[in-house]
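Notes follow once the structure below has been shown.
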Amino acid sequence: VYREISDMAKVFNVEERGEKLIADLKARETTAIASVADAKAKDLSMVFWFSSPEIKGDAYIAGKNGTPAYIMAALGARNVVTTEEEWPLVGWETIAGANPQVIVLARMDRRRFPADDVAKKLDFLKTDPVARQLDAVKKGHIVIIDSQAMNPSLRTVDGIEAVADGVNGFGLSN
């Protein structure tokens, strides 16, 4: 992302503005990471839920590659999903077996699948016999971020900040 900003700034002959934007984004990222530095020692576990073809079915969960994996690694958190796939379909029994401390939900405007609606995701988590048993659900350790923050873009830093804020707000970083 930083290289793309730099390249685009060169194309439009606004290198100084590009450098300023990159410096600002890096500073925000560094601040967010520093704010949860103690969380790494706690083996903080997370799962990122993007969507689901059926609300009560398997979920598109972030694998160990892609932007959510980068966010977790930057914040010193452990992804409970270790597959090489970027967005595998994972059953809730598998997620429950891993019992993540934090669940990150994608908020999006599209409505391709029922679980594109974050309100439906929240309702599912609170009412499903398996999902409602997760510690993250019981404790309210749920962070909602814009789905665009789960893609490599300027908004990735927004995602890092939002997840760090959640971790801090839940008292998991100290």
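Letters A, B, ... mark the chains of the structure tokens in the order given; residue numbers begin at 1 per chain; ligand numbers begin at 1, in order shown.
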Test item: residues at most 6 Å from Trp87 in chain A, only C-alpha atoms, excluding those fewer than 2 positions along its chain, as a ChimeraX atom specification: /A:60-63,85
Counting only C-alpha atoms, give me one row per residue of range 45-161 of chain A with an atom at most 10 Å from an atom of range 18-27 of chain A, showing the shortest contact pair and its distance in Å to one decimal, sorted by chain then residue number, as JSON lines.
```
{"residue": "A:Leu154", "atom": "CA", "partner": "A:Leu25", "partner_atom": "CA", "distance": 7.9}
{"residue": "A:Arg155", "atom": "CA", "partner": "A:Leu25", "partner_atom": "CA", "distance": 9.6}
{"residue": "A:Thr156", "atom": "CA", "partner": "A:Leu25", "partner_atom": "CA", "distance": 9.6}
{"residue": "A:Val157", "atom": "CA", "partner": "A:Leu25", "partner_atom": "CA", "distance": 6.7}
{"residue": "A:Asp158", "atom": "CA", "partner": "A:Leu25", "partner_atom": "CA", "distance": 9.2}
```
Those residues you just picked out, can you put them in a file as a PDB file, in the first residue's frame with N, CA and C atoms?
```pdb
ATOM      1  N   LEU A 154      -5.749   1.858   2.101  1.00  0.00           N
ATOM      2  CA  LEU A 154      -5.529   2.871   3.136  1.00  0.00           C
ATOM      3  C   LEU A 154      -6.310   2.529   4.398  1.00  0.00           C
ATOM      4  N   ARG A 155      -7.440   1.875   4.237  1.00  0.00           N
ATOM      5  CA  ARG A 155      -8.309   1.571   5.376  1.00  0.00           C
ATOM      6  C   ARG A 155      -7.767   0.455   6.263  1.00  0.00           C
ATOM      7  N   THR A 156      -6.724  -0.229   5.824  1.00  0.00           N
ATOM      8  CA  THR A 156      -6.119  -1.257   6.671  1.00  0.00           C
ATOM      9  C   THR A 156      -5.663  -0.641   7.985  1.00  0.00           C
ATOM     10  N   VAL A 157      -5.126   0.557   7.938  1.00  0.00           N
ATOM     11  CA  VAL A 157      -4.691   1.233   9.158  1.00  0.00           C
ATOM     12  C   VAL A 157      -5.895   1.527  10.050  1.00  0.00           C
ATOM     13  N   ASP A 158      -7.031   1.893   9.453  1.00  0.00           N
ATOM     14  CA  ASP A 158      -8.263   2.067  10.245  1.00  0.00           C
ATOM     15  C   ASP A 158      -8.603   0.769  10.975  1.00  0.00           C
TER      16      ASP A 158
END
```
May I have all residues of chain A that DSSP, computed from the backbone, assigns to strand (DSSP E), given as an mmCIF file with C-alpha atoms, in the first residue's frame?
```cif
data_model
loop_
_atom_site.group_PDB
_atom_site.id
_atom_site.type_symbol
_atom_site.label_atom_id
_atom_site.label_comp_id
_atom_site.auth_asym_id
_atom_site.auth_seq_id
_atom_site.Cartn_x
_atom_site.Cartn_y
_atom_site.Cartn_z
ATOM 1 C CA SER A 45 -6.466 -15.127 19.942
ATOM 2 C CA MET A 46 -8.782 -13.709 17.297
ATOM 3 C CA VAL A 47 -11.049 -14.615 14.446
ATOM 4 C CA PHE A 48 -12.174 -12.310 11.627
ATOM 5 C CA TRP A 49 -15.651 -13.079 10.229
ATOM 6 C CA PHE A 50 -16.273 -11.545 6.821
ATOM 7 C CA SER A 51 -19.607 -13.097 5.813
ATOM 8 C CA ALA A 59 -18.518 -18.660 7.860
ATOM 9 C CA TYR A 60 -15.957 -16.960 5.631
ATOM 10 C CA ILE A 61 -13.202 -16.526 8.183
ATOM 11 C CA ARG A 78 -2.854 -15.225 17.082
ATOM 12 C CA ASN A 79 -5.267 -16.196 14.326
ATOM 13 C CA LEU A 89 -15.410 -21.479 4.960
ATOM 14 C CA VAL A 90 -15.127 -22.623 8.573
ATOM 15 C CA VAL A 102 -11.830 -11.539 20.219
ATOM 16 C CA ILE A 103 -14.168 -11.743 17.242
ATOM 17 C CA VAL A 104 -13.838 -9.114 14.516
ATOM 18 C CA LEU A 105 -16.876 -8.629 12.283
ATOM 19 C CA ALA A 106 -16.998 -6.990 8.857
ATOM 20 C CA ARG A 107 -19.542 -4.214 8.402
ATOM 21 C CA ILE A 142 -16.558 -8.168 19.499
ATOM 22 C CA VAL A 143 -15.021 -5.521 17.262
ATOM 23 C CA ILE A 144 -16.822 -4.243 14.182
ATOM 24 C CA ILE A 145 -14.731 -2.807 11.367
ATOM 25 C CA ASP A 146 -15.507 -1.698 7.850
#
```
Could you build a table of the residues in range 52-89 of chain A lying no more than 12 Å from range 129-141 of chain A, giving for each the nearest pair of atoms and their separation in Å rounded to one decimal place, using only C-alpha atoms, ordered by chain and ascending residue number, as JSON lines?
```
{"residue": "A:Ile55", "atom": "CA", "partner": "A:Ala131", "partner_atom": "CA", "distance": 11.8}
{"residue": "A:Lys56", "atom": "CA", "partner": "A:Ala131", "partner_atom": "CA", "distance": 10.0}
{"residue": "A:Gly57", "atom": "CA", "partner": "A:Ala131", "partner_atom": "CA", "distance": 11.5}
{"residue": "A:Asp58", "atom": "CA", "partner": "A:Ala131", "partner_atom": "CA", "distance": 11.6}
{"residue": "A:Ala59", "atom": "CA", "partner": "A:Ala131", "partner_atom": "CA", "distance": 11.5}
```
Filtered DSSP result for range 109-160 of chain A, state helix (DSSP H, G or I), as a VMD selection string: chain A and resid 114 to 116 118 to 127 131 to 133 135 to 139 147 to 150 155 to 160
Write a file of the just-selected residues containing N, CA, C and O atoms, as a short mmCIF file (atom, residue, chain, number, x, y, z; two decimals), in the first residue's frame.
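Output (again.cif):
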```cif
data_model
loop_
_atom_site.label_atom_id
_atom_site.label_comp_id
_atom_site.auth_asym_id
_atom_site.auth_seq_id
_atom_site.Cartn_x
_atom_site.Cartn_y
_atom_site.Cartn_z
N PRO A 114 -26.80 -13.27 3.50
CA PRO A 114 -27.46 -12.80 4.72
C PRO A 114 -26.47 -12.23 5.76
O PRO A 114 -26.76 -11.22 6.40
N ALA A 115 -25.32 -12.86 5.89
CA ALA A 115 -24.35 -12.42 6.90
C ALA A 115 -23.54 -11.21 6.46
O ALA A 115 -22.60 -10.82 7.15
N ASP A 116 -23.90 -10.60 5.34
CA ASP A 116 -23.28 -9.32 5.00
C ASP A 116 -23.77 -8.23 5.95
O ASP A 116 -23.12 -7.22 6.13
N VAL A 118 -24.21 -6.82 9.44
CA VAL A 118 -23.54 -7.01 10.73
C VAL A 118 -24.56 -7.24 11.85
O VAL A 118 -24.28 -7.99 12.80
N ALA A 119 -25.74 -6.68 11.75
CA ALA A 119 -26.78 -6.91 12.77
C ALA A 119 -27.17 -8.39 12.79
O ALA A 119 -27.41 -8.96 13.86
N LYS A 120 -27.22 -9.02 11.63
CA LYS A 120 -27.55 -10.45 11.57
C LYS A 120 -26.41 -11.28 12.14
O LYS A 120 -26.65 -12.32 12.77
N LYS A 121 -25.18 -10.85 11.92
CA LYS A 121 -24.05 -11.56 12.51
C LYS A 121 -24.14 -11.49 14.04
O LYS A 121 -23.97 -12.50 14.73
N LEU A 122 -24.39 -10.31 14.56
CA LEU A 122 -24.48 -10.14 16.01
C LEU A 122 -25.62 -10.97 16.59
O LEU A 122 -25.45 -11.62 17.64
N ASP A 123 -26.76 -10.96 15.92
CA ASP A 123 -27.89 -11.76 16.39
C ASP A 123 -27.53 -13.24 16.39
O ASP A 123 -27.83 -13.96 17.35
N PHE A 124 -26.88 -13.70 15.33
CA PHE A 124 -26.45 -15.09 15.26
C PHE A 124 -25.54 -15.44 16.42
O PHE A 124 -25.72 -16.47 17.09
N LEU A 125 -24.54 -14.59 16.67
CA LEU A 125 -23.59 -14.88 17.74
C LEU A 125 -24.28 -14.99 19.09
O LEU A 125 -23.90 -15.81 19.93
N LYS A 126 -25.30 -14.19 19.31
CA LYS A 126 -26.00 -14.19 20.60
C LYS A 126 -27.04 -15.30 20.74
O LYS A 126 -27.41 -15.65 21.86
N THR A 127 -27.50 -15.86 19.62
CA THR A 127 -28.59 -16.84 19.70
C THR A 127 -28.21 -18.25 19.28
O THR A 127 -28.88 -19.20 19.68
N ALA A 131 -22.27 -20.74 18.93
CA ALA A 131 -21.58 -19.45 18.93
C ALA A 131 -21.77 -18.68 20.23
O ALA A 131 -20.84 -18.02 20.71
N ARG A 132 -22.93 -18.77 20.83
CA ARG A 132 -23.17 -18.00 22.06
C ARG A 132 -22.35 -18.50 23.24
O ARG A 132 -22.24 -17.83 24.26
N GLN A 133 -21.75 -19.69 23.10
CA GLN A 133 -20.90 -20.23 24.16
C GLN A 133 -19.46 -19.73 24.09
O GLN A 133 -18.68 -19.96 25.02
N ASP A 135 -16.29 -17.52 24.50
CA ASP A 135 -15.94 -16.52 25.52
C ASP A 135 -16.05 -15.10 24.98
O ASP A 135 -16.51 -14.20 25.68
N ALA A 136 -15.62 -14.90 23.73
CA ALA A 136 -15.68 -13.55 23.14
C ALA A 136 -17.11 -13.05 23.07
O ALA A 136 -17.37 -11.85 23.28
N VAL A 137 -18.06 -13.92 22.81
CA VAL A 137 -19.47 -13.53 22.74
C VAL A 137 -19.98 -13.26 24.15
O VAL A 137 -20.61 -12.22 24.41
N LYS A 138 -19.72 -14.14 25.08
CA LYS A 138 -20.18 -13.97 26.46
C LYS A 138 -19.65 -12.68 27.08
O LYS A 138 -20.36 -12.00 27.83
N LYS A 139 -18.40 -12.33 26.77
CA LYS A 139 -17.76 -11.15 27.36
C LYS A 139 -17.96 -9.89 26.53
O LYS A 139 -17.54 -8.81 26.93
N SER A 147 -15.61 -3.45 6.20
CA SER A 147 -15.07 -4.56 5.41
C SER A 147 -13.88 -4.14 4.56
O SER A 147 -12.99 -4.95 4.29
N GLN A 148 -13.84 -2.87 4.16
CA GLN A 148 -12.72 -2.40 3.35
C GLN A 148 -11.40 -2.42 4.11
O GLN A 148 -10.33 -2.47 3.51
N ALA A 149 -11.48 -2.40 5.44
CA ALA A 149 -10.26 -2.49 6.25
C ALA A 149 -9.69 -3.90 6.23
O ALA A 149 -8.57 -4.11 6.68
N MET A 150 -10.46 -4.85 5.69
CA MET A 150 -9.98 -6.23 5.59
C MET A 150 -9.36 -6.50 4.23
O MET A 150 -9.02 -7.65 3.92
N ARG A 155 -7.44 1.88 4.24
CA ARG A 155 -8.31 1.57 5.38
C ARG A 155 -7.77 0.45 6.26
O ARG A 155 -8.29 0.23 7.35
N THR A 156 -6.72 -0.23 5.82
CA THR A 156 -6.12 -1.26 6.67
C THR A 156 -5.66 -0.64 7.99
O THR A 156 -5.82 -1.25 9.05
N VAL A 157 -5.13 0.56 7.94
CA VAL A 157 -4.69 1.23 9.16
C VAL A 157 -5.90 1.53 10.05
O VAL A 157 -5.82 1.38 11.27
N ASP A 158 -7.03 1.89 9.45
CA ASP A 158 -8.26 2.07 10.25
C ASP A 158 -8.60 0.77 10.97
O ASP A 158 -9.01 0.78 12.14
N GLY A 159 -8.45 -0.35 10.28
CA GLY A 159 -8.72 -1.66 10.89
C GLY A 159 -7.78 -1.96 12.03
O GLY A 159 -8.21 -2.45 13.09
N ILE A 160 -6.50 -1.68 11.84
CA ILE A 160 -5.52 -1.89 12.91
C ILE A 160 -5.90 -1.06 14.13
O ILE A 160 -5.90 -1.56 15.26
#
```
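Here the question is which of A:Glu84, A:Ser153, A:Asp38, A:Glu161 gets nearest to Ile5 in chain A using only C-alpha atoms, and that residue is A:Ser153.
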